[in-house]
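target-v3.txt follows; it contains compact mmCIF, C-alpha atoms and all ligand atoms.
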```txt
# COMPACT_ATOMS: atom_id res chain seq x y z
CA ASN A 1 16.96 -29.63 9.37
CA ILE A 2 13.92 -28.16 7.63
CA ILE A 3 12.38 -24.86 8.78
CA PHE A 4 8.75 -23.68 8.64
CA THR A 5 8.13 -20.07 9.53
CA ASP A 6 5.24 -17.70 10.03
CA LEU A 7 5.73 -14.20 8.62
CA ASP A 8 3.80 -11.38 10.39
CA GLY A 9 5.10 -10.87 13.94
CA THR A 10 7.64 -13.67 13.42
CA LEU A 11 10.08 -13.21 10.51
CA LEU A 12 8.51 -9.82 9.72
CA ASP A 13 8.13 -7.08 12.33
CA HIS A 14 4.48 -6.70 13.45
CA ASP A 15 4.38 -2.99 12.52
CA SER A 16 7.07 -2.28 9.91
CA TYR A 17 7.01 -5.72 8.17
CA SER A 18 10.86 -5.50 8.04
CA PHE A 19 13.04 -8.63 8.22
CA ASP A 20 16.35 -6.80 8.57
CA ALA A 21 16.97 -8.16 12.08
CA ALA A 22 16.88 -11.74 10.72
CA ALA A 23 19.68 -11.26 8.18
CA PRO A 24 22.40 -13.20 10.10
CA ALA A 25 20.25 -16.34 10.51
CA LEU A 26 19.01 -16.09 6.90
CA ALA A 27 22.69 -16.12 5.81
CA VAL A 28 23.36 -19.28 7.88
CA ILE A 29 20.28 -20.98 6.36
CA ALA A 30 21.58 -20.19 2.85
CA GLU A 31 25.11 -21.35 3.77
CA GLN A 32 23.80 -24.69 5.08
CA SER A 33 21.37 -25.04 2.10
CA ILE A 34 18.48 -25.66 4.50
CA ILE A 35 15.01 -25.85 2.98
CA TRP A 36 12.87 -23.15 4.66
CA VAL A 37 9.16 -22.84 4.02
CA LEU A 38 7.01 -19.74 4.52
CA ASN A 39 3.83 -20.78 6.39
CA THR A 40 1.53 -17.80 6.74
CA SER A 41 -1.96 -16.26 6.78
CA LYS A 42 -0.98 -14.30 3.72
CA THR A 43 -2.31 -14.96 0.21
CA CYS A 44 -0.66 -16.46 -2.86
CA ALA A 45 -0.76 -12.98 -4.42
CA GLU A 46 1.23 -11.61 -1.45
CA LEU A 47 3.67 -14.54 -1.29
CA LEU A 48 4.75 -14.56 -4.93
CA PRO A 49 6.58 -11.18 -4.67
CA LEU A 50 7.42 -11.54 -0.96
CA SER A 51 9.15 -14.92 -1.33
CA ARG A 52 11.29 -13.38 -4.08
CA ARG A 53 12.15 -10.41 -1.83
CA LEU A 54 13.12 -12.85 0.93
CA GLY A 55 15.23 -14.89 -1.52
CA ASN A 56 13.13 -17.99 -0.81
CA PRO A 57 12.89 -20.39 -3.81
CA TYR A 58 10.79 -23.10 -2.12
CA PRO A 59 7.08 -23.98 -2.10
CA PHE A 60 5.07 -21.98 0.46
CA ILE A 61 1.93 -22.46 2.55
CA ILE A 62 -0.80 -19.81 2.30
CA GLU A 63 -3.90 -18.69 4.21
CA ASN A 64 -3.17 -20.58 7.45
CA GLY A 65 -2.55 -23.98 5.90
CA ALA A 66 -5.37 -23.83 3.34
CA ALA A 67 -3.01 -24.68 0.49
CA VAL A 68 0.59 -25.54 -0.38
CA VAL A 69 1.69 -23.53 -3.42
CA VAL A 70 4.55 -24.34 -5.81
CA PRO A 71 5.44 -21.03 -7.48
CA PRO A 72 6.20 -20.83 -11.22
CA GLY A 73 9.77 -21.98 -11.94
CA CYS A 74 10.05 -24.08 -8.74
CA ASP A 75 10.45 -27.77 -9.59
CA PHE A 76 9.51 -29.23 -6.17
CA LEU A 77 6.61 -31.73 -5.87
CA ALA A 78 6.70 -32.37 -9.63
CA ASP A 79 5.02 -35.78 -9.17
CA VAL A 80 2.16 -34.52 -6.95
CA LYS A 81 -1.21 -33.87 -8.58
CA MET A 82 -2.04 -30.18 -8.11
CA GLU A 83 -4.42 -27.56 -9.45
CA GLU A 84 -2.86 -24.89 -11.67
CA ILE A 85 -3.92 -21.30 -10.90
CA ASP A 86 -2.23 -18.46 -12.82
CA GLY A 87 0.97 -20.45 -13.39
CA ALA A 88 1.29 -21.53 -9.72
CA ARG A 89 0.40 -25.07 -8.57
CA HIS A 90 -1.95 -25.38 -5.57
CA LYS A 91 -2.56 -28.39 -3.32
CA ARG A 92 -5.76 -27.31 -1.57
CA PHE A 93 -6.86 -28.50 1.90
CA ALA A 94 -9.82 -26.18 2.51
CA PRO A 95 -13.02 -24.93 0.82
CA HIS A 96 -13.10 -21.79 -1.32
CA ARG A 97 -13.47 -18.37 0.27
CA ARG A 98 -16.50 -17.38 -1.82
CA ASP A 99 -18.56 -20.16 -0.17
CA ILE A 100 -17.38 -19.13 3.32
CA VAL A 101 -18.20 -15.46 2.71
CA ALA A 102 -21.68 -16.25 1.37
CA LEU A 103 -22.41 -18.30 4.47
CA ILE A 104 -21.16 -15.86 7.13
CA HIS A 105 -22.72 -12.85 5.41
CA GLY A 106 -26.03 -14.73 5.45
CA TRP A 107 -25.67 -15.24 9.20
CA ARG A 108 -24.77 -11.58 9.67
CA GLU A 109 -28.08 -10.65 8.03
CA ASP A 110 -30.19 -13.26 9.79
CA LYS A 111 -28.67 -13.17 13.27
CA ALA A 112 -27.47 -9.56 13.41
CA TYR A 113 -23.85 -10.51 14.19
CA ARG A 114 -21.66 -7.43 14.13
CA PHE A 115 -18.32 -7.92 12.34
CA SER A 116 -16.50 -6.56 9.34
CA GLY A 117 -14.21 -8.56 7.11
CA PHE A 118 -11.92 -8.27 4.13
CA SER A 119 -14.90 -8.47 1.72
CA ASP A 120 -16.16 -5.23 3.29
CA PHE A 121 -12.80 -3.44 2.93
CA ASP A 122 -11.08 -1.71 0.05
CA ALA A 123 -7.29 -1.26 0.02
CA PRO A 124 -7.29 2.10 1.87
CA ALA A 125 -9.47 0.66 4.64
CA LEU A 126 -7.14 -2.33 5.01
CA GLN A 127 -4.14 -0.01 4.98
CA ASP A 128 -5.67 1.90 7.93
CA ILE A 129 -5.93 -1.28 10.00
CA THR A 130 -2.68 -3.03 9.04
CA GLY A 131 -0.21 -0.36 7.92
CA LEU A 132 0.36 -2.27 4.67
CA SER A 133 1.08 -0.16 1.56
CA ILE A 134 -1.86 0.24 -0.82
CA ALA A 135 -0.18 -2.14 -3.27
CA ASP A 136 0.37 -4.80 -0.58
CA ALA A 137 -3.17 -4.30 0.77
CA GLU A 138 -4.49 -5.03 -2.75
CA LEU A 139 -2.59 -8.34 -2.70
CA ALA A 140 -3.85 -9.23 0.81
CA LEU A 141 -7.44 -8.71 -0.41
CA GLN A 142 -6.97 -11.35 -3.18
CA ARG A 143 -7.90 -14.30 -1.00
CA ASP A 144 -8.78 -17.81 -2.16
CA TYR A 145 -9.57 -19.85 0.97
CA SER A 146 -10.16 -17.66 4.04
CA GLU A 147 -11.95 -14.52 5.22
CA PRO A 148 -10.23 -12.47 7.96
CA ILE A 149 -12.70 -10.55 10.12
CA CYS A 150 -12.69 -7.99 12.95
CA TRP A 151 -15.23 -9.02 15.59
CA GLN A 152 -17.32 -6.06 16.76
CA ASP A 153 -19.90 -7.84 18.88
CA THR A 154 -20.12 -9.26 22.43
CA GLU A 155 -18.36 -12.35 23.77
CA GLU A 156 -21.77 -14.03 23.99
CA GLN A 157 -22.42 -13.44 20.30
CA TRP A 158 -18.91 -14.70 19.55
CA GLN A 159 -19.78 -17.98 21.28
CA ARG A 160 -22.90 -18.29 19.08
CA PHE A 161 -20.95 -17.44 15.95
CA SER A 162 -18.27 -20.01 16.88
CA ALA A 163 -20.95 -22.68 17.30
CA ASP A 164 -22.38 -21.77 13.86
CA LEU A 165 -18.89 -22.11 12.37
CA ARG A 166 -18.38 -25.53 13.99
CA ALA A 167 -21.74 -26.77 12.77
CA ALA A 168 -20.78 -25.71 9.23
CA GLY A 169 -17.37 -27.44 9.45
CA LEU A 170 -15.55 -24.12 9.62
CA GLN A 171 -13.29 -22.54 12.25
CA ALA A 172 -11.78 -19.20 13.33
CA LEU A 173 -7.99 -19.02 13.68
CA LYS A 174 -6.52 -16.03 15.54
CA GLY A 175 -3.78 -14.10 13.75
CA GLY A 176 -2.00 -10.98 14.96
CA ARG A 177 -4.93 -8.68 14.12
CA PHE A 178 -7.79 -10.74 12.67
CA HIS A 179 -9.86 -13.87 13.17
CA HIS A 180 -9.39 -15.92 10.00
CA ILE A 181 -12.59 -17.78 9.06
CA MET A 182 -11.76 -20.92 7.08
CA GLY A 183 -12.25 -24.64 6.60
CA PRO A 184 -10.72 -27.48 8.63
CA ALA A 185 -7.10 -26.87 7.61
CA ASN A 186 -4.22 -25.46 9.63
CA LYS A 187 -0.52 -24.68 9.34
CA GLY A 188 0.45 -27.90 11.15
CA LEU A 189 -1.44 -30.25 8.82
CA ALA A 190 -0.09 -28.52 5.71
CA MET A 191 3.45 -28.64 7.16
CA SER A 192 3.20 -32.38 7.92
CA TRP A 193 1.82 -33.08 4.44
CA LEU A 194 4.73 -31.21 2.83
CA VAL A 195 7.36 -32.94 5.01
CA SER A 196 5.95 -36.35 4.08
CA CYS A 197 6.08 -35.45 0.37
CA LEU A 198 9.67 -34.19 0.58
CA TYR A 199 10.88 -37.08 2.80
CA PRO A 200 8.61 -40.06 2.00
CA THR A 201 11.13 -42.64 3.33
CA GLY A 202 14.54 -42.82 4.91
CA ALA A 203 16.18 -40.38 7.31
CA GLN A 204 13.81 -37.69 8.51
CA PRO A 205 14.99 -34.10 9.03
CA ARG A 206 14.56 -32.22 12.30
CA VAL A 207 11.50 -30.02 11.74
CA ILE A 208 11.89 -26.54 13.25
CA ALA A 209 8.83 -24.25 13.23
CA LEU A 210 8.53 -20.62 14.33
CA GLY A 211 5.41 -18.52 14.99
CA ASP A 212 3.90 -15.91 17.30
CA SER A 213 0.10 -16.36 17.41
CA GLY A 214 -2.80 -18.74 17.97
CA ASN A 215 -2.89 -19.64 14.28
CA ASP A 216 0.65 -21.05 14.67
CA VAL A 217 -0.10 -23.44 17.55
CA ALA A 218 -0.85 -26.52 15.40
CA MET A 219 2.38 -25.98 13.47
CA LEU A 220 4.49 -25.43 16.61
CA ALA A 221 3.02 -28.51 18.30
CA ALA A 222 3.62 -30.74 15.24
CA ALA A 223 7.28 -29.70 14.85
CA ASP A 224 10.30 -31.39 16.48
CA VAL A 225 11.26 -27.96 17.81
CA GLY A 226 8.51 -25.32 18.07
CA VAL A 227 9.75 -21.78 18.60
CA VAL A 228 7.25 -19.28 20.00
CA VAL A 229 8.48 -15.89 18.84
CA ARG A 230 7.78 -13.30 21.50
CA SER A 231 5.48 -10.39 20.56
CA ASP A 232 5.40 -6.88 21.96
CA HIS A 233 1.69 -6.70 21.03
CA HIS A 234 0.17 -9.83 22.57
CA ALA A 235 0.87 -12.61 25.07
CA PRO A 236 2.46 -15.82 23.72
CA PRO A 237 -0.14 -18.43 22.69
CA LYS A 238 -0.66 -21.33 25.12
CA ILE A 239 0.68 -24.67 23.83
CA ASN A 240 0.67 -28.13 25.46
CA ASP A 241 4.31 -29.20 25.69
CA PRO A 242 4.40 -32.87 26.78
CA HIS A 243 7.82 -33.48 25.15
CA GLY A 244 9.51 -30.24 26.17
CA SER A 245 9.92 -29.30 22.50
CA ILE A 246 8.63 -25.71 22.71
CA LEU A 247 11.02 -22.76 23.11
CA LEU A 248 10.20 -19.07 23.72
CA THR A 249 12.48 -16.41 22.25
CA GLU A 250 14.01 -13.69 24.44
CA GLN A 251 13.57 -10.90 21.89
CA CYS A 252 10.47 -10.03 19.85
CA GLY A 253 9.72 -10.66 16.15
CA PRO A 254 12.58 -11.01 13.66
CA ALA A 255 15.24 -10.34 16.34
CA GLY A 256 13.94 -13.32 18.35
CA TRP A 257 13.71 -15.41 15.17
CA ASN A 258 17.34 -14.61 14.43
CA GLU A 259 18.61 -15.23 17.98
CA THR A 260 16.97 -18.66 18.28
CA LEU A 261 17.81 -19.97 14.80
CA LEU A 262 21.48 -18.97 15.17
CA GLU A 263 21.52 -21.03 18.38
CA LEU A 264 19.67 -24.05 16.86
CA LEU A 265 21.81 -24.14 13.69
CA LYS A 266 25.18 -23.82 15.47
C1 LIG B 301 -3.58 -10.77 7.97
O1 LIG B 301 -2.87 -11.73 8.70
C2 LIG B 301 -2.29 -11.39 9.95
C3 LIG B 301 -1.42 -12.58 10.36
O2 LIG B 301 -1.14 -12.71 11.67
C4 LIG B 301 -3.31 -11.06 11.04
O3 LIG B 301 -4.28 -11.80 11.26
O4 LIG B 301 -3.09 -10.04 11.68
C5 LIG B 301 -3.78 -11.32 6.54
O5 LIG B 301 -4.83 -10.68 6.00
C6 LIG B 301 -2.60 -11.13 5.63
O6 LIG B 301 -2.98 -11.46 4.32
C7 LIG B 301 -2.09 -9.72 5.71
O7 LIG B 301 -0.89 -9.60 4.98
C8 LIG B 301 -1.83 -9.33 7.16
C9 LIG B 301 -1.34 -7.89 7.27
O8 LIG B 301 -1.11 -7.52 8.60
O9 LIG B 301 -3.01 -9.48 7.94
MG MG B 302 2.15 -14.11 13.00
MG MG B 303 0.63 -15.37 10.11
```

Give the structure from the file, written as structure tokens.
Amino acid sequence: NIIFTDLDGTLLDHDSYSFDAAAPALAVIAEQSIIWVLNTSKTCAELLPLSRRLGNPYPFIIENGAAVVVPPGCDFLADVKMEEIDGARHKRFAPHRRDIVALIHGWREDKAYRFSGFSDFDAPALQDITGLSIADAELALQRDYSEPICWQDTEEQWQRFSADLRAAGLQALKGGRFHHIMGPANKGLAMSWLVSCLYPTGAQPRVIALGDSGNDVAMLAAADVGVVVRSDHHAPPKINDPHGSILLTEQCGPAGWNETLLELLK
């Protein structure tokens, strides 16, 4: 087995960001020495301390599949050519955030779209929306490859904005609270790339993926077992399931994560 997991609303509670309810399954993962990979909308700056807090020593995937990051001290993917940023190694699949922000802010001026995004927020403003601590909000603001926005305009304008994104080779992925504006990457492509690096030949592991939102669909669909973690804030995302490989947890968030992994790893 190898496990890929979303964080917010999945391994972390949507509101409290606690992972206490997942402790039993995390213990089984450690016992069985299973590689588990964090695959999230969060930034490298957020993941470096968070992966340590979770006791996760593996590479992680940031900003909705925009890059695979090997943290300092982790010796995975030693033979893969990567870009070094502040001691971490990045394999990038998407354009830089500064270019995306310049473009969509230009459209906001020219076409009077109404939205606000992380570039408009300071840490207290982001804390108000997300409930993150000021310190964690500072880390969430340090983005490299994506711009999360709150849409404040009509559905009609959203359709126009979406067409502008498509024409520019960009997309909007829906997270728990925000639309993440980014290049043509996703959590599923980054997951498949990492699996093929870790297991280039020979026996392939069973790939288990867990997530709660639209931005997880590509990852859940590409896995051998895709686990939709139930949310008490939004309906489960719709996923085509031709092979019957998608499960839905009974409980919400980390409790559902725990329940389903204990069953799958029995
Ligand atoms: C944002 O991501 C979540 C993921 O579902 C969302 O869209 O609601 C990101 O900005 C992330 O960096 C941040 O930690 C999180 C906090 O809720 O929000
Ligand atoms: Mg989530
Ligand atoms: Mg996420």

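Among A:Pro205, A:Pro59, A:Gly117, A:Pro24, the residue with the shortest atom-to-atom distance to His90 in chain A, counting only C-alpha atoms, is A:Pro59.
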
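Distances from A:Ala203, A:Leu261, A:Val217, A:Ile239 to ligand MG 302 (chain B) were compared using all atoms listed in the file, and the smallest one belongs to A:Val217.
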
Could you check which of A:Asp136, A:Asp128, A:Asp224, A:Glu147 is closest to Asn1 in chain A, using all atoms listed in the file? A:Asp224

I'd like a table as a Markdown table: residues in chain A with an atom no more than 8 Å from ligand MG 302 (chain B), each row giving the shortest atom pair and its distance in Å to one decimal, all atoms listed in the file counted, sorted by chain and rising residue number.
```
| residue | atom | partner | partner_atom | distance |
| --- | --- | --- | --- | --- |
| A:Asp6 | CA | B:MG302 | MG | 5.6 |
| A:Leu7 | CA | B:MG302 | MG | 5.7 |
| A:Asp8 | CA | B:MG302 | MG | 4.1 |
| A:Gly9 | CA | B:MG302 | MG | 4.5 |
| A:Thr10 | CA | B:MG302 | MG | 5.5 |
| A:His14 | CA | B:MG302 | MG | 7.8 |
| A:Thr40 | CA | B:MG302 | MG | 7.3 |
| A:Ser41 | CA | B:MG302 | MG | 7.8 |
| A:Gly175 | CA | B:MG302 | MG | 6.0 |
| A:Gly176 | CA | B:MG302 | MG | 5.6 |
| A:Gly211 | CA | B:MG302 | MG | 5.8 |
| A:Asp212 | CA | B:MG302 | MG | 5.0 |
| A:Ser213 | CA | B:MG302 | MG | 5.4 |
| A:Asn215 | CA | B:MG302 | MG | 7.6 |
| A:Asp216 | CA | B:MG302 | MG | 7.3 |
```

Go ahead and save the picked residues with C-alpha atoms, as a PDB file, keeping the file's coordinate frame.
```
ATOM      1  CA  ASP A   6       5.240 -17.700  10.030  1.00  0.00           C
ATOM      2  CA  LEU A   7       5.730 -14.200   8.620  1.00  0.00           C
ATOM      3  CA  ASP A   8       3.800 -11.380  10.390  1.00  0.00           C
ATOM      4  CA  GLY A   9       5.100 -10.870  13.940  1.00  0.00           C
ATOM      5  CA  THR A  10       7.640 -13.670  13.420  1.00  0.00           C
ATOM      6  CA  HIS A  14       4.480  -6.700  13.450  1.00  0.00           C
ATOM      7  CA  THR A  40       1.530 -17.800   6.740  1.00  0.00           C
ATOM      8  CA  SER A  41      -1.960 -16.260   6.780  1.00  0.00           C
ATOM      9  CA  GLY A 175      -3.780 -14.100  13.750  1.00  0.00           C
ATOM     10  CA  GLY A 176      -2.000 -10.980  14.960  1.00  0.00           C
ATOM     11  CA  GLY A 211       5.410 -18.520  14.990  1.00  0.00           C
ATOM     12  CA  ASP A 212       3.900 -15.910  17.300  1.00  0.00           C
ATOM     13  CA  SER A 213       0.100 -16.360  17.410  1.00  0.00           C
ATOM     14  CA  ASN A 215      -2.890 -19.640  14.280  1.00  0.00           C
ATOM     15  CA  ASP A 216       0.650 -21.050  14.670  1.00  0.00           C
TER      16      ASP A 216
END
```

Residues within 12 Å of Arg89 in chain A, all atoms listed in the file, excluding chain neighbours under 5 positions, as an NGL selection string: :A and (44 or 48 or 59-61 or 67-84)

Save the residues we just selected, C-alpha atoms, as a PDB file, keeping the file's coordinate frame?
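Final file, out_38.pdb:
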```pdb
ATOM      1  CA  CYS A  44      -0.660 -16.460  -2.860  1.00  0.00           C
ATOM      2  CA  LEU A  48       4.750 -14.560  -4.930  1.00  0.00           C
ATOM      3  CA  PRO A  59       7.080 -23.980  -2.100  1.00  0.00           C
ATOM      4  CA  PHE A  60       5.070 -21.980   0.460  1.00  0.00           C
ATOM      5  CA  ILE A  61       1.930 -22.460   2.550  1.00  0.00           C
ATOM      6  CA  ALA A  67      -3.010 -24.680   0.490  1.00  0.00           C
ATOM      7  CA  VAL A  68       0.590 -25.540  -0.380  1.00  0.00           C
ATOM      8  CA  VAL A  69       1.690 -23.530  -3.420  1.00  0.00           C
ATOM      9  CA  VAL A  70       4.550 -24.340  -5.810  1.00  0.00           C
ATOM     10  CA  PRO A  71       5.440 -21.030  -7.480  1.00  0.00           C
ATOM     11  CA  PRO A  72       6.200 -20.830 -11.220  1.00  0.00           C
ATOM     12  CA  GLY A  73       9.770 -21.980 -11.940  1.00  0.00           C
ATOM     13  CA  CYS A  74      10.050 -24.080  -8.740  1.00  0.00           C
ATOM     14  CA  ASP A  75      10.450 -27.770  -9.590  1.00  0.00           C
ATOM     15  CA  PHE A  76       9.510 -29.230  -6.170  1.00  0.00           C
ATOM     16  CA  LEU A  77       6.610 -31.730  -5.870  1.00  0.00           C
ATOM     17  CA  ALA A  78       6.700 -32.370  -9.630  1.00  0.00           C
ATOM     18  CA  ASP A  79       5.020 -35.780  -9.170  1.00  0.00           C
ATOM     19  CA  VAL A  80       2.160 -34.520  -6.950  1.00  0.00           C
ATOM     20  CA  LYS A  81      -1.210 -33.870  -8.580  1.00  0.00           C
ATOM     21  CA  MET A  82      -2.040 -30.180  -8.110  1.00  0.00           C
ATOM     22  CA  GLU A  83      -4.420 -27.560  -9.450  1.00  0.00           C
ATOM     23  CA  GLU A  84      -2.860 -24.890 -11.670  1.00  0.00           C
TER      24      GLU A  84
END
```

What box, with edges along x, y and z, holds each listed atom of ligand LIG 301 (chain B) when 5 Å is added on every side, and can you state its centre and edge lengths in Å to one decimal, as JSON?
```
{"center_x": -2.9, "center_y": -10.1, "center_z": 8.0, "size_x": 13.9, "size_y": 15.2, "size_z": 17.4}
```

Could you please determine the separation between CA of Thr249 in chain A and CA of Val229 in chain A in Å, to one decimal place? 5.3 Å

I'd like the neighbourhood of range 152-162 of chain A as a PyMOL selection string, where a residue qualifies if any of its atoms comes within 12 Å (using all atoms listed in the file), though same-chain residues fewer than 4 positions away should be ignored. chain A and resi 103-108+110-117+166-173+178-182
